[in-house]
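Participant: What follows is entry-v6.pdb, made up of PDB, C-alpha atoms:
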```pdb
ATOM      1  CA  MET A 300      -0.229  10.648 -12.558
ATOM      2  CA  LEU A 301      -0.302   6.884 -12.756
ATOM      3  CA  VAL A 302       3.127   5.324 -12.158
ATOM      4  CA  SER A 303       4.551   1.973 -11.169
ATOM      5  CA  MET A 304       5.134   1.185  -7.520
ATOM      6  CA  LYS A 305       8.752   0.597  -8.569
ATOM      7  CA  GLU A 306       9.260   4.321  -9.125
ATOM      8  CA  ILE A 307       7.343   5.250  -5.995
ATOM      9  CA  CYS A 308       9.252   2.860  -3.736
ATOM     10  CA  ALA A 309      12.666   3.604  -5.236
ATOM     11  CA  VAL A 310      12.402   7.262  -4.185
ATOM     12  CA  ALA A 311      10.970   6.331  -0.777
ATOM     13  CA  ARG A 312      13.794   3.859  -0.131
ATOM     14  CA  GLU A 313      16.474   6.372  -1.069
ATOM     15  CA  ASN A 314      14.967   9.131   1.072
ATOM     16  CA  HIS A 315      13.919   7.071   4.121
ATOM     17  CA  PHE A 316      10.174   7.620   4.135
ATOM     18  CA  GLY A 317       7.178   5.354   3.688
ATOM     19  CA  VAL A 318       4.275   5.710   1.279
ATOM     20  CA  PRO A 319       0.769   5.018   2.603
ATOM     21  CA  ALA A 320      -0.966   2.243   0.684
ATOM     22  CA  LEU A 321      -4.649   2.912   1.266
ATOM     23  CA  GLY A 322      -7.467   0.404   1.005
ATOM     24  CA  VAL A 323     -10.226   1.480  -1.396
ATOM     25  CA  ASN A 324     -13.480  -0.248  -2.344
ATOM     26  CA  ASN A 325     -15.508   2.289  -4.350
ATOM     27  CA  GLU A 326     -15.049   5.453  -6.395
ATOM     28  CA  HIS A 327     -15.662   7.678  -3.380
ATOM     29  CA  SER A 328     -12.799   6.131  -1.431
ATOM     30  CA  ILE A 329     -10.481   6.364  -4.451
ATOM     31  CA  ARG A 330     -11.221  10.050  -4.819
ATOM     32  CA  ALA A 331     -10.853  10.626  -1.060
ATOM     33  CA  ALA A 332      -7.436   8.935  -1.101
ATOM     34  CA  VAL A 333      -6.206  10.897  -4.116
ATOM     35  CA  GLU A 334      -7.535  14.201  -2.772
ATOM     36  CA  ALA A 335      -5.757  13.551   0.529
ATOM     37  CA  ALA A 336      -2.505  12.893  -1.333
ATOM     38  CA  GLU A 337      -2.903  16.067  -3.386
ATOM     39  CA  GLU A 338      -3.599  18.148  -0.287
ATOM     40  CA  LYS A 339      -0.513  16.677   1.390
ATOM     41  CA  ASN A 340       1.613  16.700  -1.795
ATOM     42  CA  SER A 341       2.302  13.038  -1.125
ATOM     43  CA  PRO A 342       2.879   9.996  -3.319
ATOM     44  CA  LEU A 343       0.158   7.381  -2.955
ATOM     45  CA  ILE A 344      -0.504   3.681  -3.467
ATOM     46  CA  LEU A 345      -4.065   2.382  -3.841
ATOM     47  CA  LEU A 346      -4.777  -1.109  -2.466
ATOM     48  CA  ILE A 347      -7.338  -2.924  -4.597
ATOM     49  CA  THR A 348      -8.591  -6.227  -3.238
ATOM     50  CA  TYR A 349     -10.157  -8.757  -5.564
ATOM     51  CA  GLY A 350     -13.818  -9.092  -4.594
ATOM     52  CA  ALA A 351     -14.068  -5.744  -2.798
ATOM     53  CA  HIS A 352     -15.983  -4.355  -5.790
ATOM     54  CA  PRO A 353     -18.472  -6.311  -7.931
ATOM     55  CA  ASP A 354     -16.623  -5.453 -11.167
ATOM     56  CA  PHE A 355     -12.888  -5.749 -10.582
ATOM     57  CA  VAL A 356     -11.826  -4.723 -14.103
ATOM     58  CA  TYR A 357     -14.063  -1.651 -14.134
ATOM     59  CA  PHE A 358     -12.864  -0.702 -10.659
ATOM     60  CA  GLY A 359      -9.194  -1.019 -11.592
ATOM     61  CA  GLN A 360      -9.717   1.072 -14.708
ATOM     62  CA  THR A 361     -11.612   3.686 -12.689
ATOM     63  CA  ALA A 362      -8.726   3.923 -10.246
ATOM     64  CA  ALA A 363      -6.295   4.320 -13.137
ATOM     65  CA  GLU A 364      -8.279   7.140 -14.752
ATOM     66  CA  ILE A 365      -8.546   9.050 -11.469
ATOM     67  CA  ALA A 366      -4.824   8.528 -10.829
ATOM     68  CA  LYS A 367      -3.895   9.776 -14.303
ATOM     69  CA  ALA A 368      -5.713  13.047 -13.644
ATOM     70  CA  SER A 369      -3.863  13.637 -10.367
ATOM     71  CA  PHE A 370      -0.770  15.819 -10.024
ATOM     72  CA  VAL A 371       0.886  13.455  -7.527
ATOM     73  CA  PRO A 372       2.336  10.001  -8.319
ATOM     74  CA  VAL A 373      -0.187   7.215  -7.723
ATOM     75  CA  ALA A 374       0.246   3.442  -8.118
ATOM     76  CA  THR A 375      -2.441   0.753  -8.034
ATOM     77  CA  ILE A 376      -1.802  -2.749  -6.692
ATOM     78  CA  LEU A 377      -3.763  -5.961  -6.327
ATOM     79  CA  ASP A 378      -3.668  -6.526  -2.568
ATOM     80  CA  HIS A 379      -3.246 -10.059  -1.193
ATOM     81  CA  GLY A 380      -3.952 -11.820  -4.470
ATOM     82  CA  PRO A 381      -4.747 -15.365  -3.324
ATOM     83  CA  SER A 382      -4.332 -17.161  -6.642
ATOM     84  CA  TRP A 383      -2.912 -17.144 -10.151
ATOM     85  CA  ASP A 384      -6.370 -16.269 -11.496
ATOM     86  CA  THR A 385      -6.491 -13.020  -9.534
ATOM     87  CA  CYS A 386      -3.080 -12.076 -10.901
ATOM     88  CA  VAL A 387      -4.442 -12.432 -14.432
ATOM     89  CA  TRP A 388      -7.415 -10.292 -13.450
ATOM     90  CA  ALA A 389      -4.988  -7.647 -12.150
ATOM     91  CA  VAL A 390      -3.440  -7.496 -15.624
ATOM     92  CA  ARG A 391      -6.868  -7.189 -17.216
ATOM     93  CA  ALA A 392      -7.836  -4.438 -14.770
ATOM     94  CA  GLY A 393      -4.806  -2.358 -15.757
ATOM     95  CA  LEU A 394      -3.214  -2.229 -12.313
ATOM     96  CA  THR A 395       0.405  -1.106 -12.141
ATOM     97  CA  ASP A 396       1.411  -3.866  -9.708
ATOM     98  CA  MET A 397       0.204  -7.074  -8.130
ATOM     99  CA  MET A 398       0.698  -8.991  -4.907
ATOM    100  CA  ILE A 399       0.429 -12.746  -4.810
ATOM    101  CA  ASP A 400       0.184 -13.867  -1.199
ATOM    102  CA  LYS A 401       1.283 -17.426  -0.478
ATOM    103  CA  SER A 402       2.936 -16.534   2.822
ATOM    104  CA  SER A 403       0.923 -19.132   4.763
ATOM    105  CA  LYS A 404       2.317 -21.906   2.535
ATOM    106  CA  PRO A 405       5.685 -23.680   2.835
ATOM    107  CA  TYR A 406       8.697 -21.780   1.479
ATOM    108  CA  GLU A 407       8.988 -23.873  -1.688
ATOM    109  CA  GLU A 408       5.337 -23.391  -2.675
ATOM    110  CA  ASN A 409       5.458 -19.680  -1.885
ATOM    111  CA  ALA A 410       8.600 -19.183  -3.967
ATOM    112  CA  ALA A 411       7.260 -21.188  -6.926
ATOM    113  CA  GLU A 412       3.965 -19.264  -7.042
ATOM    114  CA  VAL A 413       5.699 -15.879  -6.778
ATOM    115  CA  LYS A 414       8.213 -16.796  -9.474
ATOM    116  CA  ALA A 415       5.363 -17.690 -11.845
ATOM    117  CA  ALA A 416       3.566 -14.414 -11.065
ATOM    118  CA  VAL A 417       6.777 -12.475 -11.720
ATOM    119  CA  LYS A 418       7.133 -14.142 -15.124
ATOM    120  CA  LEU A 419       3.630 -12.994 -16.060
ATOM    121  CA  ALA A 420       3.849  -9.516 -14.551
ATOM    122  CA  HIS A 421       7.206  -8.514 -15.952
ATOM    123  CA  VAL A 422       6.071  -9.292 -19.489
ATOM    124  CA  VAL A 423       3.464  -6.523 -19.199
ATOM    125  CA  GLY A 424       5.607  -4.152 -17.138
ATOM    126  CA  MET A 425       3.992  -4.806 -13.753
ATOM    127  CA  GLY A 426       5.808  -5.170 -10.448
ATOM    128  CA  VAL A 427       5.205  -8.018  -7.985
ATOM    129  CA  GLU A 428       4.960  -7.889  -4.210
ATOM    130  CA  ALA A 429       5.406 -11.080  -2.206
ATOM    131  CA  GLU A 430       5.347 -11.865   1.498
ATOM    132  CA  LEU A 431       7.827 -14.006   3.426
ATOM    133  CA  GLY A 432       7.133 -14.859   7.010
ATOM    134  CA  HIS A 433       3.473 -14.327   7.732
ATOM    135  CA  VAL A 434       1.566 -11.275   8.996
ATOM    136  CA  GLY A 435      -1.375 -12.767  10.856
ATOM    137  CA  SER A 436      -4.521 -11.464  12.514
ATOM    138  CA  GLY A 437      -4.696  -8.815  15.220
ATOM    139  CA  GLU A 438      -7.508 -10.764  16.876
ATOM    140  CA  ASN A 439      -5.031 -13.613  17.387
ATOM    141  CA  TYR A 440      -2.092 -11.345  18.191
ATOM    142  CA  ALA A 441      -1.053 -13.297  21.265
ATOM    143  CA  VAL A 442       0.056 -16.010  18.824
ATOM    144  CA  ASP A 443       0.332 -14.396  15.386
ATOM    145  CA  GLY A 444       2.237 -11.362  16.666
ATOM    146  CA  HIS A 445       5.063 -13.481  17.977
ATOM    147  CA  THR A 446       5.492 -16.170  15.345
ATOM    148  CA  ALA A 447       6.366 -16.573  11.653
ATOM    149  CA  PHE A 448       8.803 -13.635  11.550
ATOM    150  CA  THR A 449      10.764 -13.065   8.345
ATOM    151  CA  ASP A 450      14.197 -14.670   8.403
ATOM    152  CA  PRO A 451      16.772 -12.271   6.836
ATOM    153  CA  ASP A 452      18.931 -14.916   5.154
ATOM    154  CA  GLU A 453      15.872 -16.717   3.837
ATOM    155  CA  ALA A 454      14.550 -13.375   2.544
ATOM    156  CA  VAL A 455      17.731 -12.786   0.538
ATOM    157  CA  LYS A 456      17.416 -16.241  -1.008
ATOM    158  CA  PHE A 457      13.690 -15.740  -1.698
ATOM    159  CA  VAL A 458      14.182 -12.462  -3.562
ATOM    160  CA  GLU A 459      16.998 -13.950  -5.645
ATOM    161  CA  GLU A 460      14.980 -17.063  -6.517
ATOM    162  CA  THR A 461      11.687 -15.352  -7.344
ATOM    163  CA  GLY A 462      12.726 -12.005  -8.809
ATOM    164  CA  CYS A 463       9.988 -10.227  -6.816
ATOM    165  CA  ASP A 464      10.145  -6.439  -6.794
ATOM    166  CA  TYR A 465       8.975  -5.761  -3.218
ATOM    167  CA  LEU A 466       8.885  -7.877  -0.083
ATOM    168  CA  ALA A 467       6.293  -7.695   2.688
ATOM    169  CA  VAL A 468       7.953  -8.666   5.961
ATOM    170  CA  ALA A 469       6.665  -9.945   9.300
ATOM    171  CA  VAL A 470       8.259  -7.948  12.119
ATOM    172  CA  GLY A 471       5.442  -7.840  14.675
ATOM    173  CA  THR A 472       2.439  -6.169  13.017
ATOM    174  CA  ALA A 473      -0.912  -7.836  12.338
ATOM    175  CA  HIS A 474      -3.978  -7.311  10.183
ATOM    176  CA  GLY A 475      -7.120  -5.762  11.654
ATOM    177  CA  VAL A 476      -7.857  -4.734  15.221
ATOM    178  CA  TYR A 477      -5.214  -5.707  17.775
ATOM    179  CA  LYS A 478      -6.004  -7.701  20.894
ATOM    180  CA  GLY A 479      -2.895  -6.725  22.799
ATOM    181  CA  LYS A 480      -0.189  -4.109  22.369
ATOM    182  CA  PRO A 481       1.653  -4.032  19.020
ATOM    183  CA  GLU A 482       5.309  -4.880  19.436
ATOM    184  CA  LEU A 483       7.547  -4.233  16.431
ATOM    185  CA  HIS A 484      10.995  -5.800  16.237
ATOM    186  CA  PHE A 485      13.103  -2.972  14.900
ATOM    187  CA  ASP A 486      16.376  -4.866  15.176
ATOM    188  CA  LEU A 487      14.995  -7.483  12.785
ATOM    189  CA  LEU A 488      13.709  -4.779  10.440
ATOM    190  CA  GLN A 489      17.119  -3.093  10.364
ATOM    191  CA  THR A 490      18.793  -6.398   9.477
ATOM    192  CA  LEU A 491      16.268  -7.017   6.716
ATOM    193  CA  ARG A 492      16.845  -3.526   5.310
ATOM    194  CA  ASP A 493      20.602  -4.088   5.297
ATOM    195  CA  LYS A 494      20.409  -7.486   3.603
ATOM    196  CA  VAL A 495      17.420  -7.439   1.244
ATOM    197  CA  SER A 496      17.898  -5.690  -2.091
ATOM    198  CA  VAL A 497      14.258  -4.760  -2.804
ATOM    199  CA  PRO A 498      11.926  -2.270  -1.064
ATOM    200  CA  LEU A 499      10.271  -3.578   2.110
ATOM    201  CA  VAL A 500       6.536  -3.447   2.835
ATOM    202  CA  LEU A 501       4.728  -3.316   6.182
ATOM    203  CA  HIS A 502       1.291  -4.911   6.349
ATOM    204  CA  GLY A 503      -1.114  -4.283   9.218
ATOM    205  CA  GLY A 504      -0.397  -0.573   9.642
ATOM    206  CA  SER A 505      -3.757   0.245  11.256
ATOM    207  CA  GLY A 506      -3.498   0.446  15.026
ATOM    208  CA  SER A 507       0.214  -0.313  15.069
ATOM    209  CA  GLY A 508       1.066   3.020  16.686
ATOM    210  CA  ASP A 509       2.197   6.248  15.046
ATOM    211  CA  GLU A 510       5.674   6.204  16.589
ATOM    212  CA  ASN A 511       6.183   2.589  15.550
ATOM    213  CA  ILE A 512       5.213   3.309  11.954
ATOM    214  CA  THR A 513       7.383   6.428  11.723
ATOM    215  CA  LYS A 514      10.381   4.521  13.046
ATOM    216  CA  ALA A 515       9.712   1.583  10.722
ATOM    217  CA  CYS A 516       9.705   3.940   7.727
ATOM    218  CA  GLU A 517      12.958   5.542   8.876
ATOM    219  CA  LEU A 518      14.488   2.060   9.123
ATOM    220  CA  GLY A 519      13.547   0.988   5.619
ATOM    221  CA  ILE A 520       9.818   0.368   5.178
ATOM    222  CA  CYS A 521       8.799   1.940   1.849
ATOM    223  CA  LYS A 522       5.086   1.021   1.757
ATOM    224  CA  VAL A 523       2.662   0.912   4.690
ATOM    225  CA  ASN A 524      -0.633  -0.920   4.146
ATOM    226  CA  LEU A 525      -3.669   0.675   5.812
ATOM    227  CA  ALA A 526      -7.363  -0.139   5.674
ATOM    228  CA  ASN A 527      -9.083  -0.707   9.017
ATOM    229  CA  ASP A 528      -8.342   2.757  10.400
ATOM    230  CA  LEU A 529      -9.528   4.374   7.166
ATOM    231  CA  TYR A 530     -12.884   2.637   7.272
ATOM    232  CA  ARG A 531     -13.245   3.502  10.942
ATOM    233  CA  GLY A 532     -12.532   7.101   9.944
ATOM    234  CA  MET A 533     -15.353   6.922   7.428
ATOM    235  CA  ALA A 534     -17.740   5.657  10.084
ATOM    236  CA  GLN A 535     -16.622   8.345  12.514
ATOM    237  CA  GLY A 536     -17.158  11.013   9.869
ATOM    238  CA  LEU A 537     -20.780   9.964   9.617
ATOM    239  CA  ILE A 538     -21.224   9.635  13.395
ATOM    240  CA  ASP A 539     -19.895  13.160  13.936
ATOM    241  CA  ALA A 540     -22.084  14.671  11.203
ATOM    242  CA  ASP A 541     -25.522  16.164  11.469
ATOM    243  CA  ILE A 542     -27.643  13.983   9.202
ATOM    244  CA  SER A 543     -30.964  15.196  10.515
ATOM    245  CA  GLY A 544     -33.460  16.379   7.904
ATOM    246  CA  ASN A 545     -31.830  17.038   4.547
ATOM    247  CA  GLY A 546     -28.367  16.583   6.051
ATOM    248  CA  VAL A 547     -28.586  12.922   5.102
ATOM    249  CA  TYR A 548     -28.090  13.923   1.448
ATOM    250  CA  MET A 549     -24.480  14.729   2.369
ATOM    251  CA  ALA A 550     -23.798  11.245   3.737
ATOM    252  CA  TYR A 551     -21.097  10.371   1.201
ATOM    253  CA  ASN A 552     -19.369  13.701   1.796
ATOM    254  CA  PHE A 553     -19.218  12.967   5.525
ATOM    255  CA  LEU A 554     -17.879   9.482   4.881
ATOM    256  CA  THR A 555     -15.143  10.669   2.535
ATOM    257  CA  THR A 556     -14.171  13.514   4.867
ATOM    258  CA  GLY A 557     -13.642  10.984   7.654
ATOM    259  CA  TYR A 558     -11.554   8.816   5.313
ATOM    260  CA  LYS A 559      -9.461  11.772   4.157
ATOM    261  CA  ASN A 560      -8.696  12.890   7.701
ATOM    262  CA  VAL A 561      -7.210   9.502   8.558
ATOM    263  CA  ALA A 562      -5.361   9.281   5.225
ATOM    264  CA  LYS A 563      -3.734  12.681   5.712
ATOM    265  CA  HIS A 564      -2.763  11.759   9.263
ATOM    266  CA  TYR A 565      -0.894   8.693   8.045
ATOM    267  CA  MET A 566       0.872  10.683   5.332
ATOM    268  CA  ASP A 567       2.342  12.765   8.147
ATOM    269  CA  VAL A 568       3.155   9.639  10.165
ATOM    270  CA  CYS A 569       4.902   7.945   7.231
ATOM    271  CA  LYS A 570       6.730  11.197   6.418
ATOM    272  CA  SER A 571       5.453  11.177   2.827
ATOM    273  CA  THR A 572       3.893  14.627   3.183
ATOM    274  CA  GLY A 573       5.578  17.019   0.736
ATOM    275  CA  LYS A 574       7.553  14.229  -0.924
ATOM    276  CA  ALA A 575       5.714  14.292  -4.270
ATOM    277  CA  SER A 576       8.153  17.008  -5.320
ATOM    278  CA  LEU A 577      10.982  14.433  -5.214
ATOM    279  CA  TYR A 578       9.562  12.634  -8.243
ATOM    280  CA  ASN A 579      10.873  13.790 -11.612
ATOM    281  CA  ILE A 580       7.880  13.416 -13.903
ATOM    282  CA  LYS A 581       9.845  13.703 -17.157
ATOM    283  CA  ASN A 582      12.290  10.989 -16.057
ATOM    284  CA  LEU A 583       9.334   8.716 -15.308
ATOM    285  CA  GLY A 584       8.061   9.200 -18.842
ATOM    286  CA  ILE A 585       4.808  10.732 -17.624
ATOM    287  CA  THR A 586       3.000  13.597 -19.296
ATOM    288  CA  GLY A 587       0.517  15.874 -17.630
ATOM    289  CA  LYS A 588       0.563  17.924 -14.465
ATOM    290  CA  GLY A 589       3.173  17.695 -11.733
ATOM    291  CA  VAL A 590       4.224  19.518  -8.601
ATOM    292  CA  SER A 591       7.174  21.799  -8.009
ATOM    293  CA  GLU A 592       9.213  21.832  -4.808
ATOM    294  CA  ASP A 593       6.944  24.477  -3.333
ATOM    295  CA  GLY A 594       3.848  22.413  -4.160
ATOM    296  CA  ASP A 595       2.635  24.476  -7.125
ATOM    297  CA  VAL A 596       1.061  22.591 -10.003
ATOM    298  CA  ARG A 597       3.104  22.721 -13.194
ATOM    299  CA  GLU A 598       2.951  21.203 -16.660
ATOM    300  CA  ALA A 599       5.390  18.374 -17.351
TER
END
```
Here is the file; what I need is its structure written in the form of C-alpha cells.
Facilitator:
Amino acid sequence: MLVSMKEICAVARENHFGVPALGVNNEHSIRAAVEAAEEKNSPLILLITYGAHPDFVYFGQTAAEIAKASFVPVATILDHGPSWDTCVWAVRAGLTDMMIDKSSKPYEENAAEVKAAVKLAHVVGMGVEAELGHVGSGENYAVDGHTAFTDPDEAVKFVEETGCDYLAVAVGTAHGVYKGKPELHFDLLQTLRDKVSVPLVLHGGSGSGDENITKACELGICKVNLANDLYRGMAQGLIDADISGNGVYMAYNFLTTGYKNVAKHYMDVCKSTGKASLYNIKNLGITGKGVSEDGDVREA
C-alpha cells in the first residue's frame, strides 16, 4: 500500500528501527525492491531521483501503482531535489514525499528554500525531507567524512524555522564508494535524536558497515538511504549468472535477483524485517491488502 513517509517513519522512530530507502531507476528495480520488502514483511521507501528516468512523471506514477498493489507499506520520495522546479515535478509525479537538498548552501539559504518547499508540499499532503550539515562524497572521505557535521542546536532551530518533516544528518557517512574507513559519530547522533523533534535520516548507507548502520538505527535513524550497493548487487547477479546461449534472455531476472539479495540484506541490517505488521492499515486510511503479525496477507 502507498503511504506517506510520515506514517512509515513515525512507527520506525517509536520502535527503534530503520527503514531502507532504496534507489530505483526503472520498473524492474521498483518491482525488485517491493518484492524484497514483501518477502521480508518490511516497510519500504523508494528513492526516486529526478533525471534517473527519461519520464519522471510516468516513473513516479508507475512506482505509486506498484506500491498500491503491495501488502506492505511503501512510500515514494524525490531524492536530493536540487531545485524548486524538481519539487513541483515531484507533486506532478504523485510522490508521497520530497527532499529539497540545499545542504551545501549557507544556513539562511538552506532554511529559506526548505521553508518554501514545505509550504508547497503541505498544501498537497506531502512530507519534506531536508539536510543540515552536509553528507559529502566517499571518494573525498578524507575531507568530507570529517567536516560539515550537523550541529544539534542549529538542527533544533532549523526544524522549527522550516517546518520540515524529516532531517538528514551528517554524522560521518558519505555518498558512493568510500576511500577510507567509515567512521560514524554515535555520540553526536544520540544528541541529535534527543534534541530534534522529527525523524532522522542517514544518507550514504552503502558501504558504511552493517554494524554501524544497525547501531545508527537503534540510536534514532528512521530512514537509511541506499543505492550504490544495490546497483553493485545487480551487476554481481549478472556476473554470477550463466548467460551463455539462451541464458541471456534471463538477463533482467539475474539483475533483479542481485538487487533483491542486497535489499533483503539491508532490511535485516536496519531491523525492519517483520515490522510491516506494526502498521495499522485501517488507522492509516488505506484500503486493500495488509499483513497480520504472523505475516499472512489479510484484507483491510
Participant: Measure the distance from CA of Ala415 (chain A) to CA of Lys456 (chain A) in Å and round it to one decimal.
Facilitator: 16.3 Å
Participant: Could you expand the PyMOL selection byres ((chain A and resi 522) around 8) into the explicit residues it covers here, written as JSON, numbers by chain?
Facilitator: {"A": [308, 317, 318, 319, 320, 499, 500, 501, 520, 521, 523, 524]}
Participant: Would you kindly translate the PyMOL selection byres ((chain A and resi 340) around 6) into the concrete residues it picks from this file, as a count of residues only?
Facilitator: 8
Participant: Report as a list of chain:residue names the full result of the PyMOL selection byres ((chain A and resi 364) around 12) when it is applied to this structure.
Facilitator: A:Met300, A:Leu301, A:Val302, A:Glu326, A:Ile329, A:Arg330, A:Val333, A:Tyr357, A:Phe358, A:Gly359, A:Gln360, A:Thr361, A:Ala362, A:Ala363, A:Ile365, A:Ala366, A:Lys367, A:Ala368, A:Ser369, A:Val373, A:Ala374, A:Thr375, A:Ala392, A:Gly393, A:Leu394
Participant: Between A:Ala467, A:Phe355, A:His502, A:Ala311, which has the minimum distance to Glu517 (chain A) (counting all atoms listed in the file)?
Facilitator: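 Of the candidates, the smallest distance to Glu517 (chain A) is held by A:Ala311.
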Participant: Dump N, CA, C and O atoms of region 516-534 of chain A from the given block, as an mmCIF file, in the first residue's frame.
Facilitator:
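File decode16.cif, as written:
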```cif
data_model
loop_
_atom_site.group_PDB
_atom_site.id
_atom_site.type_symbol
_atom_site.label_atom_id
_atom_site.label_comp_id
_atom_site.auth_asym_id
_atom_site.auth_seq_id
_atom_site.Cartn_x
_atom_site.Cartn_y
_atom_site.Cartn_z
ATOM 1 N N CYS A 516 20.501 2.914 13.555
ATOM 2 C CA CYS A 516 19.041 2.752 13.601
ATOM 3 C C CYS A 516 18.561 2.611 15.045
ATOM 4 O O CYS A 516 17.515 3.164 15.423
ATOM 5 N N GLU A 517 19.296 1.891 15.856
ATOM 6 C CA GLU A 517 18.929 1.735 17.265
ATOM 7 C C GLU A 517 18.989 3.067 17.999
ATOM 8 O O GLU A 517 18.227 3.309 18.939
ATOM 9 N N LEU A 518 19.869 3.968 17.528
ATOM 10 C CA LEU A 518 20.046 5.260 18.191
ATOM 11 C C LEU A 518 19.161 6.362 17.626
ATOM 12 O O LEU A 518 19.236 7.503 18.069
ATOM 13 N N GLY A 519 18.327 6.032 16.634
ATOM 14 C CA GLY A 519 17.366 7.038 16.198
ATOM 15 C C GLY A 519 17.237 7.287 14.719
ATOM 16 O O GLY A 519 16.385 8.078 14.299
ATOM 17 N N ILE A 520 18.062 6.660 13.880
ATOM 18 C CA ILE A 520 17.888 6.824 12.435
ATOM 19 C C ILE A 520 16.659 6.038 11.988
ATOM 20 O O ILE A 520 16.536 4.850 12.263
ATOM 21 N N CYS A 521 15.743 6.712 11.284
ATOM 22 C CA CYS A 521 14.486 6.086 10.864
ATOM 23 C C CYS A 521 14.494 5.702 9.391
ATOM 24 O O CYS A 521 13.676 4.877 8.969
ATOM 25 N N LYS A 522 15.369 6.289 8.607
ATOM 26 C CA LYS A 522 15.428 6.052 7.156
ATOM 27 C C LYS A 522 16.893 5.974 6.760
ATOM 28 O O LYS A 522 17.677 6.864 7.095
ATOM 29 N N VAL A 523 17.250 4.910 6.045
ATOM 30 C CA VAL A 523 18.631 4.706 5.601
ATOM 31 C C VAL A 523 18.662 4.685 4.078
ATOM 32 O O VAL A 523 18.098 3.782 3.454
ATOM 33 N N ASN A 524 19.315 5.668 3.474
ATOM 34 C CA ASN A 524 19.388 5.750 2.016
ATOM 35 C C ASN A 524 20.458 4.813 1.471
ATOM 36 O O ASN A 524 21.602 4.814 1.940
ATOM 37 N N LEU A 525 20.078 4.039 0.450
ATOM 38 C CA LEU A 525 20.964 3.046 -0.162
ATOM 39 C C LEU A 525 20.799 3.058 -1.674
ATOM 40 O O LEU A 525 19.674 3.083 -2.173
ATOM 41 N N ALA A 526 21.891 3.030 -2.388
ATOM 42 C CA ALA A 526 21.824 2.933 -3.846
ATOM 43 C C ALA A 526 23.028 2.172 -4.398
ATOM 44 O O ALA A 526 22.871 1.161 -5.081
ATOM 45 N N ASN A 527 24.229 2.639 -4.102
ATOM 46 C CA ASN A 527 25.426 2.066 -4.703
ATOM 47 C C ASN A 527 25.518 0.558 -4.521
ATOM 48 O O ASN A 527 25.783 -0.186 -5.473
ATOM 49 N N ASP A 528 25.291 0.079 -3.309
ATOM 50 C CA ASP A 528 25.378 -1.358 -3.048
ATOM 51 C C ASP A 528 24.318 -2.136 -3.813
ATOM 52 O O ASP A 528 24.552 -3.283 -4.222
ATOM 53 N N LEU A 529 23.152 -1.537 -4.002
ATOM 54 C CA LEU A 529 22.079 -2.206 -4.745
ATOM 55 C C LEU A 529 22.471 -2.399 -6.209
ATOM 56 O O LEU A 529 22.272 -3.474 -6.784
ATOM 57 N N TYR A 530 23.032 -1.360 -6.803
ATOM 58 C CA TYR A 530 23.414 -1.453 -8.202
ATOM 59 C C TYR A 530 24.603 -2.387 -8.382
ATOM 60 O O TYR A 530 24.713 -3.080 -9.402
ATOM 61 N N ARG A 531 25.472 -2.438 -7.399
ATOM 62 C CA ARG A 531 26.568 -3.407 -7.438
ATOM 63 C C ARG A 531 26.009 -4.833 -7.314
ATOM 64 O O ARG A 531 26.530 -5.768 -7.926
ATOM 65 N N GLY A 532 24.949 -4.973 -6.519
ATOM 66 C CA GLY A 532 24.288 -6.272 -6.409
ATOM 67 C C GLY A 532 23.699 -6.707 -7.727
ATOM 68 O O GLY A 532 23.761 -7.889 -8.098
ATOM 69 N N MET A 533 23.117 -5.747 -8.459
ATOM 70 C CA MET A 533 22.575 -6.068 -9.778
ATOM 71 C C MET A 533 23.683 -6.574 -10.700
ATOM 72 O O MET A 533 23.530 -7.595 -11.381
ATOM 73 N N ALA A 534 24.790 -5.859 -10.709
ATOM 74 C CA ALA A 534 25.910 -6.255 -11.566
ATOM 75 C C ALA A 534 26.429 -7.630 -11.183
ATOM 76 O O ALA A 534 26.708 -8.472 -12.050
#
```
